[in-house]
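Below you'll find the structure, written out as structure tokens, and then a few comments.
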Amino acid sequence: MRLFYSLMWWMALPLVLTRLWLRGRQEPGYRQHWSERLGFYGRSTAPAAGPVLWVHAVSVGETRAAEPLVDGLMAEYPTSRIILTHMTPTGRATGKSLFAKHGERLVQSYLPYDTGSMVSRFIRHFKPSVCILMETEVWPNLIAVCGAKGVPVVLANARLSERSLRKAGRFGALMTDAARGITLVAAQTEADAQRIRSLGVQRVEVTGSIKFDVMVPEAALLIGASLRAAIGARPVLLCASTREGEEELILQAYVSARSALPQGVLLLIVPRHPQRFDEVESMVAAHGLTVERRSRLALDGSAMPHGVDVLLGDSMGEMFAYYSACDVAFVGGSLQALGGQNLIEPAALGKPILIGRHTFNFELVTEDALAAGGAQRISDAADLIATAGRLLTDSTARTTMGLKAQSFANQHRGATRRTLALLPDLIGKQH
């Protein structure tokens with residue numbers, strides 16, 4: 001099966017590279033560092049005094065989630081070097097922003113495509129002592145090559161929904177063989193752990209979600225305060241990490257129910273994917289609404305232009321700032337069957353959270369937040385706008401819900417410490 005999988009990779013490679021080039025029309029980062037994706041690198045870096053720790057975080061969400069772990073590894077292994085790999089330019093840009101503080105001790109690269117030769121070249125070049133994959137990344141050839149070269153593979157902050165488990169089952173022996181090659185899984189919940197064990201992983205520990213340990217950056221709070229000052233006293237409904245199809249539903253509901261909303265409500269929309277910023281701006285204008293973009297706001301103390309109906313969050317790495325500046329937060333990816341997004345960030349900031357019906361990718365954390373009273377599930381876009389309107393007019397209910405959300409987030413900290421405690425034996429085998 002793995003031989004067939006590898007053959008398919010080689011056959012698909014021209015199409016993969018063509019798609020990469022085409023995506024580069026909207027995101028130029030996709031046209032950079034191609035040699036890394038093929039397993040070719042420049043001159044070798046100076047050898048690290050201690051272990052080389054490889055952390056793979058595919059895109060923005062995983063990179064943000066990896067922050068406490070990367071910082072913890074840096075502190076726990078002060079002579080180490082970390083190789084941080086990504087699959088997307090936005091993930092790479094996020095990593096550059098988050099980890100510039102570590103200087104040359106952290107090196108970024110794209111993950112090579114999952115063929116044996118490309119992964120082998122990566123390992124020969126960087127010589128990692130351990131490979132730590134974040135959340136849901138399972139690459140059969142990567143795991144097999146690591147096993148052959150004696151590099152332990154850890155799946156950290158791991159989650160596996162029932163839907164993903166069913167998808168994995170379709171790949172049969174390819175996925176089960178890869179799962180058996182994983183040395184250790186640090187799962188977010190017992191339910192995740194049980195599903196992962198069913199694939200054949202031998203060692204699975206429940207550590208909780210590392211995302212609870214992410215510290216709110218002071219710089220983000222300052223940006224959020226400046227953004228809020230520019231907005232003024234207007235009530236702010238944030239629709240965060242929205243996906244294709246959701247913005248149209250939200251805008252329709254907003255226009256229909258606008259007369260019933262508190263006066264001056266500002267709709268702040270932050271699409272999850274940056275290539276859709278222009279599309280969403282045009283969508284807002286098509287509804288007859290006045291739109292302003294975050295990138296056009298100087299945040300120098302001046303007020304946002306009068307009469308703006310919708311503020312489009314078109315900046316990268318400022319989600320904490322957007323959450324900080326809002327009064328009520330809706331977490332996107334949940335109005336349609338997309339699985340939802342993580343609601344830990346608004347909870348950590350003490351914001352009342354609204355979430356749609358489709359949260360299967362974050363099932364337990366969502367249910368726990370609902371049970372704690374820090375989140376409320378809405379049925380559709382009309383219900384979203386109506387519920388947000390009620391919260392925006394009831395400061396007591398809004399404050400109570402926000403405090404419950406923050407308490408929920410604080411109670412679940414500690415996953416990073418528990419994950420780090422599992423690693424010394426694996427890293428020690430190499431050093």
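Just remember, in the structure tokens the first chain shown is A, the second B, etc., residues are 1-based per chain, and ligands are 1-based in the order shown.
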
For Leu312 of chain A, find every residue with an atom within 12 Å (counting only C-alpha atoms), except residues of its own chain fewer than 4 positions away, and show them as a PDB file with N, CA and C atoms, in the first residue's frame.
```
ATOM      1  N   LEU A 237     -19.955  43.058  17.115  1.00  0.00           N
ATOM      2  CA  LEU A 237     -20.147  41.623  16.941  1.00  0.00           C
ATOM      3  C   LEU A 237     -19.053  41.115  16.017  1.00  0.00           C
ATOM      4  N   LEU A 238     -18.191  40.254  16.541  1.00  0.00           N
ATOM      5  CA  LEU A 238     -17.111  39.668  15.750  1.00  0.00           C
ATOM      6  C   LEU A 238     -17.540  38.313  15.212  1.00  0.00           C
ATOM      7  N   CYS A 239     -17.374  38.119  13.909  1.00  0.00           N
ATOM      8  CA  CYS A 239     -17.549  36.810  13.283  1.00  0.00           C
ATOM      9  C   CYS A 239     -16.161  36.362  12.845  1.00  0.00           C
ATOM     10  N   ALA A 240     -15.570  35.467  13.624  1.00  0.00           N
ATOM     11  CA  ALA A 240     -14.155  35.127  13.470  1.00  0.00           C
ATOM     12  C   ALA A 240     -13.965  33.833  12.701  1.00  0.00           C
ATOM     13  N   SER A 241     -12.900  33.794  11.906  1.00  0.00           N
ATOM     14  CA  SER A 241     -12.522  32.587  11.157  1.00  0.00           C
ATOM     15  C   SER A 241     -13.669  32.044  10.320  1.00  0.00           C
ATOM     16  N   THR A 242     -14.386  32.933   9.648  1.00  0.00           N
ATOM     17  CA  THR A 242     -15.505  32.500   8.805  1.00  0.00           C
ATOM     18  C   THR A 242     -14.990  31.813   7.557  1.00  0.00           C
ATOM     19  N   GLU A 247     -20.164  33.890   5.245  1.00  0.00           N
ATOM     20  CA  GLU A 247     -20.304  35.345   5.255  1.00  0.00           C
ATOM     21  C   GLU A 247     -21.604  35.788   4.586  1.00  0.00           C
ATOM     22  N   LEU A 266     -21.548  47.380  15.000  1.00  0.00           N
ATOM     23  CA  LEU A 266     -20.532  47.161  13.967  1.00  0.00           C
ATOM     24  C   LEU A 266     -20.321  45.665  13.806  1.00  0.00           C
ATOM     25  N   LEU A 267     -20.409  45.204  12.574  1.00  0.00           N
ATOM     26  CA  LEU A 267     -20.147  43.809  12.258  1.00  0.00           C
ATOM     27  C   LEU A 267     -18.680  43.686  11.844  1.00  0.00           C
ATOM     28  N   LEU A 268     -17.914  42.938  12.600  1.00  0.00           N
ATOM     29  CA  LEU A 268     -16.486  42.731  12.318  1.00  0.00           C
ATOM     30  C   LEU A 268     -16.316  41.304  11.807  1.00  0.00           C
ATOM     31  N   ILE A 269     -15.940  41.155  10.543  1.00  0.00           N
ATOM     32  CA  ILE A 269     -15.803  39.840   9.915  1.00  0.00           C
ATOM     33  C   ILE A 269     -14.325  39.573   9.617  1.00  0.00           C
ATOM     34  N   VAL A 270     -13.855  38.423  10.086  1.00  0.00           N
ATOM     35  CA  VAL A 270     -12.465  38.019   9.833  1.00  0.00           C
ATOM     36  C   VAL A 270     -12.473  36.661   9.132  1.00  0.00           C
ATOM     37  N   PRO A 271     -12.376  36.636   7.798  1.00  0.00           N
ATOM     38  CA  PRO A 271     -12.334  35.350   7.083  1.00  0.00           C
ATOM     39  C   PRO A 271     -11.114  34.536   7.485  1.00  0.00           C
ATOM     40  N   ARG A 272     -11.270  33.240   7.511  1.00  0.00           N
ATOM     41  CA  ARG A 272     -10.156  32.381   7.922  1.00  0.00           C
ATOM     42  C   ARG A 272      -9.022  32.374   6.907  1.00  0.00           C
ATOM     43  N   PRO A 274      -6.857  34.172   3.919  1.00  0.00           N
ATOM     44  CA  PRO A 274      -6.550  35.518   3.416  1.00  0.00           C
ATOM     45  C   PRO A 274      -6.850  35.713   1.932  1.00  0.00           C
ATOM     46  N   ARG A 276      -9.394  35.183   0.488  1.00  0.00           N
ATOM     47  CA  ARG A 276     -10.804  35.520   0.306  1.00  0.00           C
ATOM     48  C   ARG A 276     -11.127  36.944   0.783  1.00  0.00           C
ATOM     49  N   PHE A 277     -10.152  37.696   1.211  1.00  0.00           N
ATOM     50  CA  PHE A 277     -10.429  39.044   1.724  1.00  0.00           C
ATOM     51  C   PHE A 277     -11.137  39.915   0.681  1.00  0.00           C
ATOM     52  N   ASP A 278     -10.617  39.937  -0.538  1.00  0.00           N
ATOM     53  CA  ASP A 278     -11.225  40.776  -1.585  1.00  0.00           C
ATOM     54  C   ASP A 278     -12.643  40.299  -1.912  1.00  0.00           C
ATOM     55  N   GLU A 279     -12.821  38.981  -1.972  1.00  0.00           N
ATOM     56  CA  GLU A 279     -14.131  38.409  -2.255  1.00  0.00           C
ATOM     57  C   GLU A 279     -15.158  38.837  -1.205  1.00  0.00           C
ATOM     58  N   VAL A 280     -14.776  38.777   0.055  1.00  0.00           N
ATOM     59  CA  VAL A 280     -15.715  39.138   1.129  1.00  0.00           C
ATOM     60  C   VAL A 280     -15.998  40.639   1.113  1.00  0.00           C
ATOM     61  N   GLU A 281     -14.994  41.456   0.796  1.00  0.00           N
ATOM     62  CA  GLU A 281     -15.231  42.891   0.694  1.00  0.00           C
ATOM     63  C   GLU A 281     -16.276  43.186  -0.386  1.00  0.00           C
ATOM     64  N   SER A 282     -16.157  42.541  -1.539  1.00  0.00           N
ATOM     65  CA  SER A 282     -17.133  42.730  -2.616  1.00  0.00           C
ATOM     66  C   SER A 282     -18.521  42.242  -2.197  1.00  0.00           C
ATOM     67  N   MET A 283     -18.565  41.163  -1.433  1.00  0.00           N
ATOM     68  CA  MET A 283     -19.822  40.603  -0.954  1.00  0.00           C
ATOM     69  C   MET A 283     -20.539  41.598  -0.041  1.00  0.00           C
ATOM     70  N   VAL A 284     -19.774  42.226   0.843  1.00  0.00           N
ATOM     71  CA  VAL A 284     -20.356  43.217   1.755  1.00  0.00           C
ATOM     72  C   VAL A 284     -20.942  44.392   0.967  1.00  0.00           C
ATOM     73  N   ALA A 285     -20.172  44.881   0.004  1.00  0.00           N
ATOM     74  CA  ALA A 285     -20.633  46.006  -0.802  1.00  0.00           C
ATOM     75  C   ALA A 285     -21.881  45.647  -1.599  1.00  0.00           C
ATOM     76  N   LEU A 289     -23.854  47.629   2.004  1.00  0.00           N
ATOM     77  CA  LEU A 289     -23.259  48.015   3.278  1.00  0.00           C
ATOM     78  C   LEU A 289     -21.912  48.699   3.049  1.00  0.00           C
ATOM     79  N   THR A 290     -21.579  49.609   3.921  1.00  0.00           N
ATOM     80  CA  THR A 290     -20.302  50.308   3.835  1.00  0.00           C
ATOM     81  C   THR A 290     -19.246  49.487   4.570  1.00  0.00           C
ATOM     82  N   VAL A 291     -18.136  49.222   3.887  1.00  0.00           N
ATOM     83  CA  VAL A 291     -17.103  48.363   4.455  1.00  0.00           C
ATOM     84  C   VAL A 291     -15.791  49.128   4.584  1.00  0.00           C
ATOM     85  N   GLU A 292     -15.084  48.870   5.670  1.00  0.00           N
ATOM     86  CA  GLU A 292     -13.736  49.391   5.877  1.00  0.00           C
ATOM     87  C   GLU A 292     -12.830  48.194   6.158  1.00  0.00           C
ATOM     88  N   ARG A 293     -11.569  48.291   5.734  1.00  0.00           N
ATOM     89  CA  ARG A 293     -10.620  47.202   5.969  1.00  0.00           C
ATOM     90  C   ARG A 293      -9.669  47.567   7.088  1.00  0.00           C
ATOM     91  N   ARG A 294      -9.361  46.573   7.903  1.00  0.00           N
ATOM     92  CA  ARG A 294      -8.418  46.804   9.002  1.00  0.00           C
ATOM     93  C   ARG A 294      -7.097  47.348   8.472  1.00  0.00           C
ATOM     94  N   SER A 295      -6.644  46.873   7.310  1.00  0.00           N
ATOM     95  CA  SER A 295      -5.360  47.307   6.754  1.00  0.00           C
ATOM     96  C   SER A 295      -5.342  48.785   6.407  1.00  0.00           C
ATOM     97  N   ARG A 296      -6.532  49.399   6.292  1.00  0.00           N
ATOM     98  CA  ARG A 296      -6.589  50.837   5.981  1.00  0.00           C
ATOM     99  C   ARG A 296      -6.689  51.702   7.231  1.00  0.00           C
ATOM    100  N   LEU A 297      -6.790  51.066   8.383  1.00  0.00           N
ATOM    101  CA  LEU A 297      -6.868  51.825   9.633  1.00  0.00           C
ATOM    102  C   LEU A 297      -5.465  52.041  10.183  1.00  0.00           C
ATOM    103  N   VAL A 308     -19.436  53.402   8.809  1.00  0.00           N
ATOM    104  CA  VAL A 308     -18.990  52.060   8.422  1.00  0.00           C
ATOM    105  C   VAL A 308     -19.922  51.021   9.052  1.00  0.00           C
ATOM    106  N   TYR A 322      -8.494  41.090  17.537  1.00  0.00           N
ATOM    107  CA  TYR A 322      -9.904  41.179  17.144  1.00  0.00           C
ATOM    108  C   TYR A 322     -10.811  40.707  18.276  1.00  0.00           C
TER     109      TYR A 322
END
```

Excluding same-chain residues fewer than 4 positions from segment 168-171 of chain A, what lies within 12 Å of it counting only C-alpha atoms, as a ChimeraX atom specification?
/A:1-2,4-5,136-140,160-164,175-179,195-196,198-200

Who sits within 9 Å of Gly232 of chain A, only C-alpha atoms, same chain under 5 positions skipped, as a tab-separated table (two decimals) with N, CA and C atoms, in the first residue's frame:
```
chain	number	residue	atom	x	y	z
A	227	LEU	N	-7.59	49.38	18.30
A	227	LEU	CA	-8.70	49.12	17.37
A	227	LEU	C	-10.02	49.51	18.02
A	303	ALA	N	-10.36	58.26	14.70
A	303	ALA	CA	-11.56	57.43	14.70
A	303	ALA	C	-11.75	56.77	13.34
A	304	MET	N	-12.41	55.63	13.35
A	304	MET	CA	-12.77	54.95	12.10
A	304	MET	C	-13.75	55.84	11.34
```

Can you check which residues of segment 140-230 of chain A DSSP gives as strand (DSSP E) on the backbone and send them as a PyMOL selection string?
chain A and resi 153-158+184-187+204-206

Measuring between only C-alpha atoms, which one of A:Thr63, A:Asn157, A:Ser256, A:Ser117 shows the shortest distance to Thr94 of chain A?
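Of all the options, A:Thr63 lies closest to Thr94 of chain A.
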
If I take atom CA of Ala415 of chain A and atom CA of Asp192 of chain A, how far is one from the other in Å, to one decimal?
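Separating atom CA of Ala415 of chain A from atom CA of Asp192 of chain A is a distance of 14.6 Å.
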
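Contact shell of Ala148 of chain A at 12 Å (only C-alpha atoms; same-chain neighbours under 6 positions omitted): Gly116, Val119, Ser120, Ile123, Asn141, Leu142 and Gly181 of chain A.
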
Atoms to include: C-alpha atoms. Write the selected residues as a PDB file, in the first residue's frame.
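Dumped to out24.pdb:
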```pdb
ATOM      1  CA  GLY A 116      10.663   8.431   0.921  1.00  0.00           C
ATOM      2  CA  VAL A 119      11.837  12.951   3.608  1.00  0.00           C
ATOM      3  CA  SER A 120      15.170  11.116   3.763  1.00  0.00           C
ATOM      4  CA  ILE A 123      16.412  14.037   7.858  1.00  0.00           C
ATOM      5  CA  ASN A 141       6.328   7.828   4.346  1.00  0.00           C
ATOM      6  CA  LEU A 142       7.526  10.400   6.862  1.00  0.00           C
ATOM      7  CA  GLY A 181       4.895   3.611  13.509  1.00  0.00           C
TER       8      GLY A 181
END
```

Running DSSP on the backbone, which parts of segment 289-397 of chain A land in helix (DSSP H, G or I), as a ChimeraX atom specification?
/A:294-296,319-325,344-348,360-372,381-393,395-397

Just write the chosen residues, N, CA and C atoms, as a compact mmCIF listing (two decimals), in the first residue's frame.
```txt
# COMPACT_ATOMS: atom_id res chain seq x y z
N ARG A 294 -9.36 46.57 7.90
CA ARG A 294 -8.42 46.80 9.00
C ARG A 294 -7.10 47.35 8.47
N SER A 295 -6.64 46.87 7.31
CA SER A 295 -5.36 47.31 6.75
C SER A 295 -5.34 48.78 6.41
N ARG A 296 -6.53 49.40 6.29
CA ARG A 296 -6.59 50.84 5.98
C ARG A 296 -6.69 51.70 7.23
N MET A 319 -5.65 37.80 15.49
CA MET A 319 -6.93 37.29 15.96
C MET A 319 -7.18 37.63 17.42
N PHE A 320 -6.14 37.55 18.24
CA PHE A 320 -6.30 37.93 19.64
C PHE A 320 -6.73 39.40 19.74
N ALA A 321 -6.19 40.24 18.88
CA ALA A 321 -6.56 41.66 18.90
C ALA A 321 -8.03 41.84 18.53
N TYR A 322 -8.49 41.09 17.54
CA TYR A 322 -9.90 41.18 17.14
C TYR A 322 -10.81 40.71 18.28
N TYR A 323 -10.45 39.60 18.90
CA TYR A 323 -11.25 39.12 20.03
C TYR A 323 -11.25 40.14 21.17
N SER A 324 -10.10 40.74 21.39
CA SER A 324 -9.99 41.74 22.46
C SER A 324 -10.89 42.94 22.22
N ALA A 325 -11.06 43.30 20.95
CA ALA A 325 -11.81 44.53 20.61
C ALA A 325 -13.32 44.32 20.53
N ILE A 344 -11.04 28.51 22.16
CA ILE A 344 -10.24 28.79 23.35
C ILE A 344 -9.77 30.24 23.40
N GLU A 345 -9.42 30.83 22.26
CA GLU A 345 -8.91 32.21 22.27
C GLU A 345 -9.92 33.20 22.82
N PRO A 346 -11.17 33.23 22.33
CA PRO A 346 -12.12 34.17 22.92
C PRO A 346 -12.43 33.82 24.38
N ALA A 347 -12.42 32.54 24.73
CA ALA A 347 -12.66 32.16 26.13
C ALA A 347 -11.56 32.71 27.03
N ALA A 348 -10.31 32.61 26.58
CA ALA A 348 -9.19 33.11 27.38
C ALA A 348 -9.29 34.62 27.62
N PHE A 360 -17.93 19.33 14.95
CA PHE A 360 -17.44 17.97 15.16
C PHE A 360 -15.92 17.89 15.27
N ASN A 361 -15.19 18.87 14.74
CA ASN A 361 -13.73 18.84 14.88
C ASN A 361 -13.27 19.25 16.27
N PHE A 362 -14.13 19.90 17.02
CA PHE A 362 -13.79 20.37 18.37
C PHE A 362 -14.94 20.03 19.32
N GLU A 363 -15.37 18.79 19.23
CA GLU A 363 -16.60 18.37 19.89
C GLU A 363 -16.56 18.55 21.40
N LEU A 364 -15.53 17.99 22.06
CA LEU A 364 -15.52 17.99 23.52
C LEU A 364 -15.29 19.38 24.09
N VAL A 365 -14.32 20.13 23.53
CA VAL A 365 -14.04 21.46 24.06
C VAL A 365 -15.26 22.36 23.90
N THR A 366 -16.00 22.20 22.80
CA THR A 366 -17.21 22.98 22.59
C THR A 366 -18.28 22.60 23.61
N GLU A 367 -18.49 21.31 23.79
CA GLU A 367 -19.50 20.86 24.75
C GLU A 367 -19.15 21.30 26.16
N ASP A 368 -17.86 21.27 26.50
CA ASP A 368 -17.43 21.71 27.84
C ASP A 368 -17.67 23.21 28.03
N ALA A 369 -17.40 24.00 26.99
CA ALA A 369 -17.64 25.44 27.08
C ALA A 369 -19.13 25.75 27.20
N LEU A 370 -19.95 24.99 26.48
CA LEU A 370 -21.40 25.16 26.58
C LEU A 370 -21.88 24.80 27.99
N ALA A 371 -21.37 23.69 28.53
CA ALA A 371 -21.78 23.26 29.85
C ALA A 371 -21.34 24.26 30.93
N ALA A 372 -20.20 24.91 30.70
CA ALA A 372 -19.69 25.89 31.65
C ALA A 372 -20.45 27.21 31.59
N ALA A 381 -27.84 31.48 10.91
CA ALA A 381 -27.36 32.86 10.88
C ALA A 381 -28.37 33.82 11.49
N ALA A 382 -29.66 33.60 11.25
CA ALA A 382 -30.68 34.47 11.84
C ALA A 382 -30.65 34.39 13.36
N ASP A 383 -30.48 33.17 13.87
CA ASP A 383 -30.39 32.99 15.32
C ASP A 383 -29.12 33.63 15.87
N LEU A 384 -28.04 33.57 15.09
CA LEU A 384 -26.79 34.23 15.49
C LEU A 384 -27.01 35.72 15.70
N ILE A 385 -27.60 36.39 14.73
CA ILE A 385 -27.81 37.84 14.82
C ILE A 385 -28.77 38.18 15.95
N ALA A 386 -29.85 37.39 16.10
CA ALA A 386 -30.82 37.66 17.16
C ALA A 386 -30.21 37.47 18.54
N THR A 387 -29.45 36.39 18.72
CA THR A 387 -28.83 36.12 20.02
C THR A 387 -27.76 37.16 20.35
N ALA A 388 -26.97 37.51 19.35
CA ALA A 388 -25.96 38.55 19.55
C ALA A 388 -26.62 39.87 19.93
N GLY A 389 -27.74 40.19 19.28
CA GLY A 389 -28.46 41.42 19.61
C GLY A 389 -28.90 41.45 21.05
N ARG A 390 -29.41 40.32 21.56
CA ARG A 390 -29.84 40.26 22.95
C ARG A 390 -28.66 40.46 23.91
N LEU A 391 -27.54 39.83 23.61
CA LEU A 391 -26.37 39.97 24.47
C LEU A 391 -25.82 41.40 24.43
N LEU A 392 -25.84 42.00 23.26
CA LEU A 392 -25.31 43.36 23.13
C LEU A 392 -26.15 44.40 23.87
N THR A 393 -27.41 44.06 24.14
CA THR A 393 -28.27 45.00 24.89
C THR A 393 -28.34 44.66 26.38
N SER A 395 -25.85 44.02 29.29
CA SER A 395 -24.46 44.01 29.73
C SER A 395 -24.22 43.01 30.86
N THR A 396 -25.22 42.80 31.71
CA THR A 396 -25.06 41.85 32.82
C THR A 396 -24.91 40.43 32.29
N ALA A 397 -25.79 40.04 31.37
CA ALA A 397 -25.71 38.69 30.79
C ALA A 397 -24.41 38.52 30.02
```

Record the distance separating atom CA of Ala405 of chain A and atom CA of Leu343 of chain A, expressed in Å with one decimal.
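Value for the atom CA of Ala405 of chain A-atom CA of Leu343 of chain A distance: 9.5 Å.
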